[in-house]
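> The structure is given below, and queries will be raised subsequently.
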Protein chains: 2
Amino acid sequence: MDARRLDELFAALGDPGRRSLVETVAERGSATATELAADLPVTRQAVAKQLAALAAAGLLHATRTGRETRYEVTPGPLEEAVAWMVEVGARWDDRLAALGRSLEQRRG
Amino acid sequence: MDARRLDELFAALGDPGRRSLVETVAERGSATATELAADLPVTRQAVAKQLAALAAAGLLHATRTGRETRYEVTPGPLEEAVAWMVEVGARWDDRLAALGRSLEQRRG
DNA sequence: ACTATACGCAACTGATTGGTTGCACATCGG
DNA sequence: CCGATGTGCAACCAATCAGTTGCGTATAGT
């Protein structure tokens, strides 16, 4: 488990605005900075920065086609985060422990 | 699912130092700010602040006995965070989706 | 070719924050 | 009772960051 990736990942999810962006991109399948900014009270550049941070954390990946840069969700990192939480929390919580075993199974 | 709690939770986990504190407290079962600061290159007050943030996020809970304030892990919030990730990521990742169903089962 | 659209980069600003120092208060042990 | 230990609170500092504005560039459509 890469610690730095976890840092970026949790930090990225820590901001309400960024988490909201992830949710919106998730709902729509894909989106551009301009599209997302249209529904928000912030500028396109602000959204673009957040998207860049999310992409750096590995949560999103960008694909530029023509003059558009579309973002999509990359689910992999979420699993890493879940794995970390399970590992830390497993000792105290039976449900999390069980969930951890379930994760192990599906990974193997 | 309380959005504000998620904000605090992810933000708390976003800092490497704080996540490390959670891990250490998890390993030892419980710890005080002074104990934790002894192994770190920062002051006790710095650690105390971080612990306060983690407690505010619900990840830790403090118990003062005499002149000591011991912190322990509260696993509940971790489940909330896992639930959020599963919800957002389930659409793209079969393993996360399966994990979500597993979580639902154990919650019901 | 020209205009409108979509984007990225850079500089600046205000707010947040992680960390420090200093101090006052409570508790334990002699 | 008194010194040592453990905490909490407040002020302060440096760094980071979210957001803005301004500008240059590339692509699409007419």
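Ordering of the structure tokens sets the chain letters (A, B, ...), residue numbers begin anew at 1 in every chain, and ligands are numbered from 1 in the order given.
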Would you list the contacts of Ala33 (chain A) as number ranges by chain, taking every protein, DNA or RNA residue within 9 Å and counting only C-alpha atoms (C1' of nucleotides), but skipping same-chain residues closer than 3 positions in sequence?
A: 36-38, 44-48, 51, 69-71
> For chain B against chain A, which residues fall within 9 Å using only C-alpha atoms, given as a PDB file with C-alpha atoms, in the first residue's frame?

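The result, written out as out-v2.pdb:
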ATOM      1  CA  ALA B   3     -22.157  15.004   4.650  1.00  0.00           C
ATOM      2  CA  ARG B   4     -20.475  17.180   7.250  1.00  0.00           C
ATOM      3  CA  LEU B   6     -17.812  12.818   5.962  1.00  0.00           C
ATOM      4  CA  ASP B   7     -16.082  16.132   5.353  1.00  0.00           C
ATOM      5  CA  GLU B   8     -14.413  16.106   8.748  1.00  0.00           C
ATOM      6  CA  LEU B   9     -13.662  12.433   8.464  1.00  0.00           C
ATOM      7  CA  PHE B  10     -11.896  12.520   5.111  1.00  0.00           C
ATOM      8  CA  ALA B  11     -10.186  15.785   5.922  1.00  0.00           C
ATOM      9  CA  ALA B  12      -8.892  14.259   9.150  1.00  0.00           C
ATOM     10  CA  LEU B  13      -7.592  11.211   7.319  1.00  0.00           C
ATOM     11  CA  GLY B  14      -6.097  13.383   4.609  1.00  0.00           C
ATOM     12  CA  ASP B  15      -3.157  14.486   6.702  1.00  0.00           C
ATOM     13  CA  PRO B  16      -0.330  11.931   6.824  1.00  0.00           C
ATOM     14  CA  ARG B  19      -3.422   9.116   9.778  1.00  0.00           C
ATOM     15  CA  VAL B  22      -4.684   6.901  14.159  1.00  0.00           C
ATOM     16  CA  GLU B  23      -2.532   3.931  13.245  1.00  0.00           C
ATOM     17  CA  ALA B  26      -4.882   1.644  16.910  1.00  0.00           C
ATOM     18  CA  GLU B  27      -1.749  -0.425  17.518  1.00  0.00           C
ATOM     19  CA  VAL B  73     -10.204   4.516  18.171  1.00  0.00           C
ATOM     20  CA  THR B  74     -13.889   4.695  17.299  1.00  0.00           C
ATOM     21  CA  PRO B  75     -14.388   2.415  14.293  1.00  0.00           C
ATOM     22  CA  GLY B  76     -17.903   3.551  13.402  1.00  0.00           C
ATOM     23  CA  LEU B  78     -14.675   4.300   9.117  1.00  0.00           C
ATOM     24  CA  GLU B  79     -17.725   2.341   8.095  1.00  0.00           C
ATOM     25  CA  ALA B  81     -16.474   6.397   4.821  1.00  0.00           C
ATOM     26  CA  VAL B  82     -16.344   2.910   3.355  1.00  0.00           C
ATOM     27  CA  MET B  85     -16.713   4.988  -1.363  1.00  0.00           C
ATOM     28  CA  VAL B  86     -18.682   1.890  -2.172  1.00  0.00           C
ATOM     29  CA  VAL B  88     -19.631   6.194  -5.534  1.00  0.00           C
ATOM     30  CA  GLY B  89     -17.330   3.540  -6.900  1.00  0.00           C
ATOM     31  CA  ALA B  90     -19.735   0.678  -7.250  1.00  0.00           C
ATOM     32  CA  ARG B  91     -20.797   1.640 -10.756  1.00  0.00           C
ATOM     33  CA  TRP B  92     -17.351   1.118 -12.203  1.00  0.00           C
ATOM     34  CA  ASP B  93     -15.893  -1.660 -10.203  1.00  0.00           C
ATOM     35  CA  ARG B  95     -15.358  -5.823  -6.695  1.00  0.00           C
ATOM     36  CA  LEU B  96     -16.479  -2.658  -4.937  1.00  0.00           C
ATOM     37  CA  ALA B  98     -19.783  -6.854  -4.409  1.00  0.00           C
ATOM     38  CA  LEU B  99     -18.230  -5.320  -1.329  1.00  0.00           C
ATOM     39  CA  SER B 102     -21.584  -7.523   1.517  1.00  0.00           C
ATOM     40  CA  LEU B 103     -21.759  -4.370   3.631  1.00  0.00           C
ATOM     41  CA  ARG B 106     -23.975  -7.162   7.486  1.00  0.00           C
ATOM     42  CA  ARG B 107     -25.773  -3.933   8.236  1.00  0.00           C
TER      43      ARG B 107
END
> Using only C-alpha atoms (C1' of nucleotides), what table do you get, as a tab-separated table, when you list each residue of chain B with an atom no more than 8 Å from chain D, its nearest pair of atoms, and their distance in Å rounded to one decimal, rows by chain then rising number?

residue	atom	partner	partner_atom	distance
B:Thr34	CA	D:DG6	C1'	7.7
B:Arg67	CA	D:DG6	C1'	5.6
B:Glu68	CA	D:DG6	C1'	6.1
B:Thr69	CA	D:DT7	C1'	7.9
> Let me see the file: selected residues, N, CA and C atoms, as a CSV table (one decimal), in the first residue's frame.

chain,number,residue,atom,x,y,z
B,34,THR,N,0.9,13.2,25.2
B,34,THR,CA,2.3,13.2,25.6
B,34,THR,C,3.1,12.0,25.2
B,67,ARG,N,-5.2,13.1,35.8
B,67,ARG,CA,-4.5,14.2,34.9
B,67,ARG,C,-4.2,13.7,33.5
B,68,GLU,N,-4.6,12.4,33.2
B,68,GLU,CA,-4.4,11.9,31.9
B,68,GLU,C,-5.6,12.0,31.0
B,69,THR,N,-5.4,12.2,29.7
B,69,THR,CA,-6.4,12.1,28.7
B,69,THR,C,-6.1,11.1,27.7
> Using only C-alpha atoms (C1' of nucleotides), which chain C residues lie at most 10 Å away from chain A, written as number ranges by chain?
C: 5-8
> Least-squares superposition of chain A on chain B, all Cα atoms, in-order pairing: what RMSD comes out, in Å?
0.1 Å
> According to DSSP computed on the backbone, where in region 54-102 of chain B is there strand (DSSP E)? Give the residues as JSON, numbers by chain.
{"B": [60, 61, 62, 63, 64, 65, 68, 69, 70, 71, 72, 73]}
> How many Å separate CA of Leu54 (chain B) from CA of Arg5 (chain B)?
11.4 Å
> Can you check which residues of region 47-92 of chain B DSSP gives as alpha helix (DSSP H) on the backbone and send them as JSON, numbers by chain?
{"B": [47, 48, 49, 50, 51, 52, 53, 54, 55, 56, 76, 77, 78, 79, 80, 81, 82, 83, 84, 85, 86, 87, 88, 89]}
> Report, in Å with one decimal, the straight-line distance from CA of Glu72 (chain B) to CA of Ser30 (chain B).
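A separation of 4.8 Å between them.
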> So how many Å separate CA of Thr43 (chain B) and CA of Arg18 (chain B), to one decimal?
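Those two atoms sit 14.0 Å apart.
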